[in-house]
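Quick look at upload_9.pdb (PDB, C-alpha atoms and all ligand atoms):
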ATOM      1  CA  MET A  30     -12.891 -90.580   7.584
ATOM      2  CA  ALA A  31     -13.564 -86.832   7.630
ATOM      3  CA  GLY A  32     -16.941 -85.962   6.201
ATOM      4  CA  SER A  33     -18.670 -89.266   6.917
ATOM      5  CA  LEU A  34     -19.954 -90.954  10.018
ATOM      6  CA  ALA A  35     -19.215 -94.619  10.434
ATOM      7  CA  ALA A  36     -22.007 -96.792  11.789
ATOM      8  CA  PRO A  37     -21.829 -97.265  15.556
ATOM      9  CA  ARG A  38     -20.422-100.606  16.591
ATOM     10  CA  ARG A  39     -21.193-101.036  20.254
ATOM     11  CA  SER A  40     -18.960-103.988  20.862
ATOM     12  CA  ARG A  41     -15.818-102.092  19.900
ATOM     13  CA  ALA A  42     -16.592 -98.825  21.674
ATOM     14  CA  PRO A  43     -15.588 -98.227  25.315
ATOM     15  CA  ARG A  44     -17.666-100.532  27.477
ATOM     16  CA  PRO A  45     -19.638 -99.695  30.594
ATOM     17  CA  GLY A  46     -18.053-101.236  33.643
ATOM     18  CA  GLY A  47     -14.697-101.504  31.915
ATOM     19  CA  GLY A  48     -11.773-100.605  34.148
ATOM     20  CA  SER A  49     -11.595 -98.081  36.924
ATOM     21  CA  ALA A  50     -12.969 -95.274  34.764
ATOM     22  CA  SER A  51     -16.433 -96.768  35.187
ATOM     23  CA  ARG A  52     -16.362 -95.647  38.823
ATOM     24  CA  ARG A  53     -16.485 -92.088  37.534
ATOM     25  CA  GLY A  54     -19.547 -92.681  35.373
ATOM     26  CA  ILE A  55     -18.776 -93.836  31.868
ATOM     27  CA  GLY A  56     -21.939 -94.628  29.969
ATOM     28  CA  ASP A  57     -21.982 -96.132  26.491
ATOM     29  CA  THR A  58     -24.994 -96.570  24.271
ATOM     30  CA  GLY A  59     -23.564 -96.845  20.778
ATOM     31  CA  PHE A  60     -22.592 -93.252  20.054
ATOM     32  CA  VAL A  61     -22.798 -91.929  23.599
ATOM     33  CA  PHE A  62     -19.737 -91.546  25.795
ATOM     34  CA  THR A  63     -19.868 -89.458  28.931
ATOM     35  CA  LEU A  64     -17.316 -89.242  31.704
ATOM     36  CA  LEU A  65     -18.216 -87.194  34.763
ATOM     37  CA  LEU A  66     -15.362 -85.277  36.371
ATOM     38  CA  ASP A  67     -17.320 -83.397  39.043
ATOM     39  CA  ASP A  68     -20.563 -81.442  39.445
ATOM     40  CA  ASP A  69     -19.334 -78.694  37.103
ATOM     41  CA  CYS A  70     -17.509 -80.662  34.474
ATOM     42  CA  HIS A  71     -17.793 -83.686  32.209
ATOM     43  CA  LEU A  72     -16.314 -85.126  29.045
ATOM     44  CA  ARG A  73     -18.471 -86.326  26.194
ATOM     45  CA  LEU A  74     -18.194 -87.190  22.513
ATOM     46  CA  TYR A  75     -18.661 -84.304  20.131
ATOM     47  CA  GLU A  76     -22.098 -84.096  18.499
ATOM     48  CA  ARG A  77     -22.575 -82.720  14.991
ATOM     49  CA  SER A  78     -24.645 -79.923  16.573
ATOM     50  CA  ASP A  79     -21.526 -78.839  18.519
ATOM     51  CA  ALA A  80     -19.882 -77.435  15.388
ATOM     52  CA  GLU A  81     -20.951 -73.818  15.848
ATOM     53  CA  PRO A  82     -20.387 -73.501  19.625
ATOM     54  CA  LEU A  83     -17.079 -75.359  19.309
ATOM     55  CA  HIS A  84     -15.980 -73.094  16.500
ATOM     56  CA  GLU A  85     -16.916 -70.043  18.577
ATOM     57  CA  VAL A  86     -14.793 -71.207  21.521
ATOM     58  CA  ILE A  87     -11.849 -71.887  19.206
ATOM     59  CA  ALA A  88     -12.260 -68.454  17.591
ATOM     60  CA  ALA A  89     -12.468 -66.721  20.979
ATOM     61  CA  ASN A  90      -9.234 -68.434  22.102
ATOM     62  CA  ARG A  91      -7.503 -68.557  18.743
ATOM     63  CA  GLU A  92      -4.444 -66.525  19.624
ATOM     64  CA  MET A  93      -3.691 -68.588  22.741
ATOM     65  CA  LEU A  94      -4.343 -71.923  20.992
ATOM     66  CA  ALA A  95      -2.489 -71.078  17.784
ATOM     67  CA  GLU A  96       0.717 -70.503  19.723
ATOM     68  CA  TRP A  97       0.991 -74.290  20.202
ATOM     69  CA  MET A  98      -1.626 -75.996  18.021
ATOM     70  CA  PRO A  99      -1.239 -75.504  14.253
ATOM     71  CA  TRP A 100      -4.834 -76.551  13.481
ATOM     72  CA  ALA A 101      -6.201 -73.621  15.509
ATOM     73  CA  CYS A 102      -4.555 -70.962  13.387
ATOM     74  CA  GLU A 103      -7.266 -70.565  10.792
ATOM     75  CA  GLN A 104      -9.799 -73.319  11.375
ATOM     76  CA  THR A 105     -13.032 -72.590   9.506
ATOM     77  CA  LEU A 106     -16.504 -73.727  10.569
ATOM     78  CA  GLU A 107     -16.413 -76.337   7.795
ATOM     79  CA  GLN A 108     -13.130 -77.687   9.151
ATOM     80  CA  THR A 109     -14.631 -77.821  12.656
ATOM     81  CA  ARG A 110     -17.520 -79.873  11.215
ATOM     82  CA  ALA A 111     -15.084 -82.188   9.426
ATOM     83  CA  PHE A 112     -13.111 -82.626  12.663
ATOM     84  CA  ILE A 113     -16.285 -83.661  14.540
ATOM     85  CA  ASP A 114     -17.236 -86.181  11.835
ATOM     86  CA  SER A 115     -13.716 -87.564  11.784
ATOM     87  CA  SER A 116     -13.624 -87.818  15.547
ATOM     88  CA  ARG A 117     -16.945 -89.693  15.699
ATOM     89  CA  GLY A 118     -15.738 -91.997  12.943
ATOM     90  CA  ARG A 119     -12.574 -92.780  14.931
ATOM     91  CA  PHE A 120     -14.716 -93.623  17.975
ATOM     92  CA  ALA A 121     -16.909 -95.961  15.904
ATOM     93  CA  ASP A 122     -13.795 -97.602  14.458
ATOM     94  CA  ASP A 123     -12.309 -98.091  17.945
ATOM     95  CA  ASP A 124      -9.420 -95.900  16.912
ATOM     96  CA  GLY A 125      -9.360 -93.512  19.874
ATOM     97  CA  PHE A 126     -11.584 -90.456  20.129
ATOM     98  CA  ASP A 127     -11.765 -86.785  20.974
ATOM     99  CA  ALA A 128     -14.044 -85.553  23.719
ATOM    100  CA  ALA A 129     -15.487 -82.156  24.461
ATOM    101  CA  ILE A 130     -14.675 -80.778  27.895
ATOM    102  CA  VAL A 131     -17.976 -79.354  29.094
ATOM    103  CA  HIS A 132     -17.646 -76.834  31.928
ATOM    104  CA  ARG A 133     -20.757 -75.322  33.524
ATOM    105  CA  GLY A 134     -22.904 -76.490  30.637
ATOM    106  CA  ALA A 135     -20.797 -75.154  27.755
ATOM    107  CA  ILE A 136     -17.963 -76.561  25.655
ATOM    108  CA  ALA A 137     -14.755 -75.222  27.194
ATOM    109  CA  GLY A 138     -12.098 -77.371  25.547
ATOM    110  CA  GLY A 139     -11.113 -80.687  24.092
ATOM    111  CA  ILE A 140      -9.114 -83.748  25.039
ATOM    112  CA  GLY A 141      -8.460 -86.949  23.185
ATOM    113  CA  PHE A 142      -6.363 -89.840  22.043
ATOM    114  CA  ALA A 143      -4.269 -89.783  18.897
ATOM    115  CA  ARG A 144      -1.768 -92.259  17.452
ATOM    116  CA  MET A 145      -3.635 -95.333  18.737
ATOM    117  CA  ASP A 146      -1.292 -98.288  18.332
ATOM    118  CA  ARG A 147      -3.187-101.436  19.343
ATOM    119  CA  ALA A 148      -0.321-103.785  18.473
ATOM    120  CA  ASN A 149       1.893-102.072  21.024
ATOM    121  CA  ARG A 150      -1.015-101.079  23.290
ATOM    122  CA  SER A 151      -0.064 -97.422  23.271
ATOM    123  CA  ALA A 152      -1.591 -94.059  22.405
ATOM    124  CA  SER A 153      -0.843 -90.405  22.824
ATOM    125  CA  MET A 154      -3.056 -87.703  24.331
ATOM    126  CA  GLY A 155      -3.622 -84.031  23.612
ATOM    127  CA  TYR A 156      -5.781 -81.305  25.182
ATOM    128  CA  TRP A 157      -6.749 -77.642  25.180
ATOM    129  CA  LEU A 158      -8.892 -75.441  27.356
ATOM    130  CA  ALA A 159     -10.506 -72.025  26.923
ATOM    131  CA  ARG A 160      -8.836 -69.381  29.013
ATOM    132  CA  PRO A 161     -11.795 -68.684  31.378
ATOM    133  CA  SER A 162     -11.799 -72.358  32.457
ATOM    134  CA  GLN A 163      -8.048 -72.606  33.037
ATOM    135  CA  GLY A 164      -6.390 -72.694  36.444
ATOM    136  CA  ARG A 165      -8.941 -75.043  38.050
ATOM    137  CA  GLY A 166      -7.284 -78.395  37.453
ATOM    138  CA  ILE A 167      -9.890 -79.416  34.853
ATOM    139  CA  VAL A 168      -7.440 -80.769  32.262
ATOM    140  CA  THR A 169      -5.373 -82.534  34.902
ATOM    141  CA  ARG A 170      -8.520 -84.282  36.198
ATOM    142  CA  ALA A 171      -9.710 -85.053  32.653
ATOM    143  CA  THR A 172      -6.325 -86.560  31.750
ATOM    144  CA  SER A 173      -6.343 -88.624  34.924
ATOM    145  CA  ALA A 174      -9.848 -89.938  34.188
ATOM    146  CA  LEU A 175      -8.897 -90.876  30.626
ATOM    147  CA  LEU A 176      -5.744 -92.610  31.863
ATOM    148  CA  ASP A 177      -7.994 -94.741  34.103
ATOM    149  CA  HIS A 178     -10.045 -95.564  31.026
ATOM    150  CA  ALA A 179      -7.088 -96.254  28.720
ATOM    151  CA  PHE A 180      -5.281 -98.515  31.192
ATOM    152  CA  GLY A 181      -8.552-100.062  32.446
ATOM    153  CA  ALA A 182     -11.164-100.652  29.758
ATOM    154  CA  TRP A 183      -8.733-100.497  26.845
ATOM    155  CA  GLU A 184      -5.886-102.321  28.601
ATOM    156  CA  LEU A 185      -3.269-100.073  27.023
ATOM    157  CA  ASN A 186       0.281-100.199  28.373
ATOM    158  CA  ARG A 187       1.689 -96.794  27.483
ATOM    159  CA  ILE A 188       0.300 -93.273  27.147
ATOM    160  CA  GLU A 189       2.435 -90.526  25.715
ATOM    161  CA  ILE A 190       2.018 -86.754  25.965
ATOM    162  CA  ARG A 191       4.089 -84.386  23.839
ATOM    163  CA  ALA A 192       4.289 -80.714  24.743
ATOM    164  CA  GLY A 193       6.263 -77.821  23.313
ATOM    165  CA  THR A 194       9.345 -77.341  25.463
ATOM    166  CA  GLY A 195       8.304 -73.711  25.987
ATOM    167  CA  ASN A 196       4.683 -74.611  26.811
ATOM    168  CA  ALA A 197       4.937 -74.574  30.597
ATOM    169  CA  ARG A 198       1.206 -75.000  31.305
ATOM    170  CA  SER A 199       0.946 -78.003  29.013
ATOM    171  CA  ARG A 200       4.103 -79.626  30.411
ATOM    172  CA  ALA A 201       2.760 -79.109  33.938
ATOM    173  CA  VAL A 202      -0.131 -81.535  33.252
ATOM    174  CA  PRO A 203       1.949 -84.746  32.768
ATOM    175  CA  GLU A 204       4.450 -83.560  35.369
ATOM    176  CA  ARG A 205       1.632 -83.103  37.921
ATOM    177  CA  LEU A 206       0.397 -86.620  37.165
ATOM    178  CA  GLY A 207       3.819 -88.239  37.561
ATOM    179  CA  PHE A 208       4.695 -88.940  33.927
ATOM    180  CA  THR A 209       8.364 -89.555  33.106
ATOM    181  CA  GLN A 210      10.046 -87.189  30.662
ATOM    182  CA  GLU A 211      11.863 -89.315  28.105
ATOM    183  CA  GLY A 212      13.548 -86.720  25.984
ATOM    184  CA  VAL A 213      13.073 -83.935  23.490
ATOM    185  CA  LEU A 214      12.114 -84.245  19.827
ATOM    186  CA  ARG A 215      13.934 -81.412  18.108
ATOM    187  CA  GLU A 216      11.945 -79.259  15.661
ATOM    188  CA  SER A 217       9.169 -81.797  15.859
ATOM    189  CA  GLU A 218       6.339 -79.560  14.682
ATOM    190  CA  ARG A 219       5.917 -76.520  12.475
ATOM    191  CA  VAL A 220       3.659 -73.974  14.212
ATOM    192  CA  GLY A 221       3.096 -70.870  12.112
ATOM    193  CA  ASP A 222       6.532 -69.761  10.999
ATOM    194  CA  ARG A 223       8.528 -71.426  13.762
ATOM    195  CA  TRP A 224       9.751 -74.894  14.669
ATOM    196  CA  VAL A 225       8.706 -76.264  18.057
ATOM    197  CA  ASP A 226      10.756 -78.786  20.048
ATOM    198  CA  HIS A 227       8.581 -81.314  21.900
ATOM    199  CA  ALA A 228       9.215 -82.731  25.354
ATOM    200  CA  VAL A 229       8.022 -86.359  25.335
ATOM    201  CA  TYR A 230       6.389 -87.741  28.497
ATOM    202  CA  SER A 231       5.060 -91.232  29.121
ATOM    203  CA  MET A 232       3.090 -93.128  31.716
ATOM    204  CA  LEU A 233       3.043 -96.934  31.823
ATOM    205  CA  ALA A 234       0.115 -99.032  33.068
ATOM    206  CA  ARG A 235       2.069-100.447  36.021
ATOM    207  CA  GLU A 236       3.227 -96.981  37.078
ATOM    208  CA  TRP A 237      -0.336 -95.619  36.954
ATOM    209  CA  SER A 238      -1.607 -98.594  38.902
ATOM    210  CA  GLN A 239       1.026 -97.967  41.601
ATOM    211  CA  ARG A 240       0.116 -94.279  41.799
ATOM    212  CA  ARG A 241      -3.601 -95.096  42.100
ATOM    213  CA  GLY A 242      -2.644 -97.586  44.828
TER     214      GLY A 242
HETATM  215  C1  LIG B 301      -2.360 -76.708  28.369
HETATM  216  C2  LIG B 301      -3.624 -76.197  29.044
HETATM  217  C3  LIG B 301      -4.800 -77.105  28.688
HETATM  218  C4  LIG B 301      -3.406 -76.200  30.563
HETATM  219  O1  LIG B 301      -4.500 -75.581  31.207
HETATM  220  P1  LIG B 301      -4.496 -75.447  32.808
HETATM  221  O2  LIG B 301      -5.753 -74.796  33.210
HETATM  222  O3  LIG B 301      -3.199 -74.856  33.250
HETATM  223  O4  LIG B 301      -4.487 -76.967  33.283
HETATM  224  P2  LIG B 301      -5.459 -77.610  34.379
HETATM  225  O5  LIG B 301      -6.875 -77.458  33.936
HETATM  226  O6  LIG B 301      -4.962 -78.947  34.645
HETATM  227  O7  LIG B 301      -5.267 -76.651  35.634
HETATM  228  C5  LIG B 301      -4.024 -76.575  36.307
HETATM  229  C6  LIG B 301      -4.034 -75.275  37.083
HETATM  230  O8  LIG B 301      -5.116 -75.290  37.998
HETATM  231  C7  LIG B 301      -4.618 -75.270  39.328
HETATM  232  N1  LIG B 301      -5.468 -76.206  40.080
HETATM  233  C8  LIG B 301      -6.513 -75.814  40.849
HETATM  234  N2  LIG B 301      -7.114 -76.884  41.361
HETATM  235  C9  LIG B 301      -6.452 -77.966  40.912
HETATM  236  C10 LIG B 301      -6.611 -79.365  41.100
HETATM  237  N3  LIG B 301      -7.599 -79.862  41.844
HETATM  238  N4  LIG B 301      -5.771 -80.223  40.471
HETATM  239  C11 LIG B 301      -4.780 -79.743  39.708
HETATM  240  N5  LIG B 301      -4.573 -78.427  39.496
HETATM  241  C12 LIG B 301      -5.409 -77.544  40.095
HETATM  242  C13 LIG B 301      -3.159 -75.696  39.210
HETATM  243  O9  LIG B 301      -2.398 -75.168  40.280
HETATM  244  C14 LIG B 301      -2.772 -75.065  37.897
HETATM  245  O10 LIG B 301      -2.653 -73.686  38.029
HETATM  246  P3  LIG B 301      -1.201 -72.969  37.934
HETATM  247  O11 LIG B 301      -0.658 -73.255  36.560
HETATM  248  O12 LIG B 301      -1.532 -71.549  38.147
HETATM  249  O13 LIG B 301      -0.404 -73.618  39.024
HETATM  250  C15 LIG B 301      -3.966 -74.753  28.585
HETATM  251  O14 LIG B 301      -2.912 -73.904  28.997
HETATM  252  C16 LIG B 301      -4.127 -74.630  27.076
HETATM  253  O15 LIG B 301      -5.193 -74.928  26.550
HETATM  254  N6  LIG B 301      -3.105 -74.149  26.374
HETATM  255  C17 LIG B 301      -3.178 -73.934  24.917
HETATM  256  C18 LIG B 301      -3.297 -75.220  24.149
HETATM  257  C19 LIG B 301      -2.134 -76.144  24.445
HETATM  258  O16 LIG B 301      -1.016 -75.702  24.607
HETATM  259  N7  LIG B 301      -2.450 -77.438  24.495
HETATM  260  C20 LIG B 301      -1.434 -78.453  24.734
HETATM  261  C21 LIG B 301      -0.715 -78.781  23.477
HETATM  262  S1  LIG B 301       0.566 -79.971  23.812
END
Write-out of the structure in structure tokens:
Amino acid sequence: MAGSLAAPRRSRAPRPGGGSASRRGIGDTGFVFTLLLDDDCHLRLYERSDAEPLHEVIAANREMLAEWMPWACEQTLEQTRAFIDSSRGRFADDDGFDAAIVHRGAIAGGIGFARMDRANRSASMGYWLARPSQGRGIVTRATSALLDHAFGAWELNRIEIRAGTGNARSRAVPERLGFTQEGVLRESERVGDRWVDHAVYSMLAREWSQRRG
């Protein structure tokens, strides 16, 4: 899908009014998806015009990101463009999506769904945040809002988060939200010249519903 944009198909994209996420302000007009977190922060689909600012944020945070995310190590502007096209194509194909985290008017990070498995109604989530925006609970709130959406509008049953066992800040996100740690995948990912073990966390729809009360 990288390099080409699929035509928008409204009926398969996240729907307005679907699930509890709509209370936070999801709007959908074909290729538009916006989720308000608070006055300072929102999530939205990447636009093709985001390539340069997104690439700049990645470059400015490269060392921090590359410790845990192999793609960040030497991503070029062309690869950032291809990622945006691929991400928009996945949204159009109802195959999950990636969203920009916009903080105080500028792209400050990313969050999204990977490994969408409709047959088993499950998906996994990943995220990153530029250092100046960290420590404010933004990713925890963004993850919570997308869980509302995944269990509400999409009617998924299971969301998984994998984090490097040594990545304390990343592990803190699912732990803060009440995910259950299921185990550790040994040497699950090659990052630079080292193997990273992944802690696997999951949240089920009924557990999230109980927590939201
Ligand atoms: C993982 C990562 C996104 C976490 O960022 P973060 O800022 O710690 O996460 P949040 O935005 O949820 O903020 C949580 C922090 O804000 C604080 N906070 C403030 N207000 C808060 C609120 N309302 N709710 C929750 N936390 C709040 C928390 O106490 C916590 O700070 P602490 O770690 O000092 O206790 C970031 O470290 C990162 O991008 N790392 C590199 C990429 C990466 O590893 N990605 C994950 C790959 S699996």
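Separating atom CA of A:Phe142 from atom CA of A:Asp124 is a distance of 8.5 Å.
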### Message
Can you translate the PyMOL selection byres (((not hetatm)) within 9 of (chain B and resi 301)) into the concrete residues it hits in this file, as a PyMOL selection string?
### Response
chain A and resi 90+93-98+138-140+154-172+190-193+196-202+205-206+227
### Task
Go ahead and compute the interatomic distance for atom CA of A:Trp224 and atom CA of A:Glu189, in Å to one decimal.
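One can read the atom CA of A:Trp224 to atom CA of A:Glu189 distance as 20.5 Å.
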### Query
Once the PyMOL selection byres (((chain A and resi 71-78) around 9) and not hetatm) has been applied to the shown file, what residues remain in the selection, as a PyMOL selection string?
chain A and resi 60-70+79-82+110+113-114+116-117+120+126-134+139-140+171
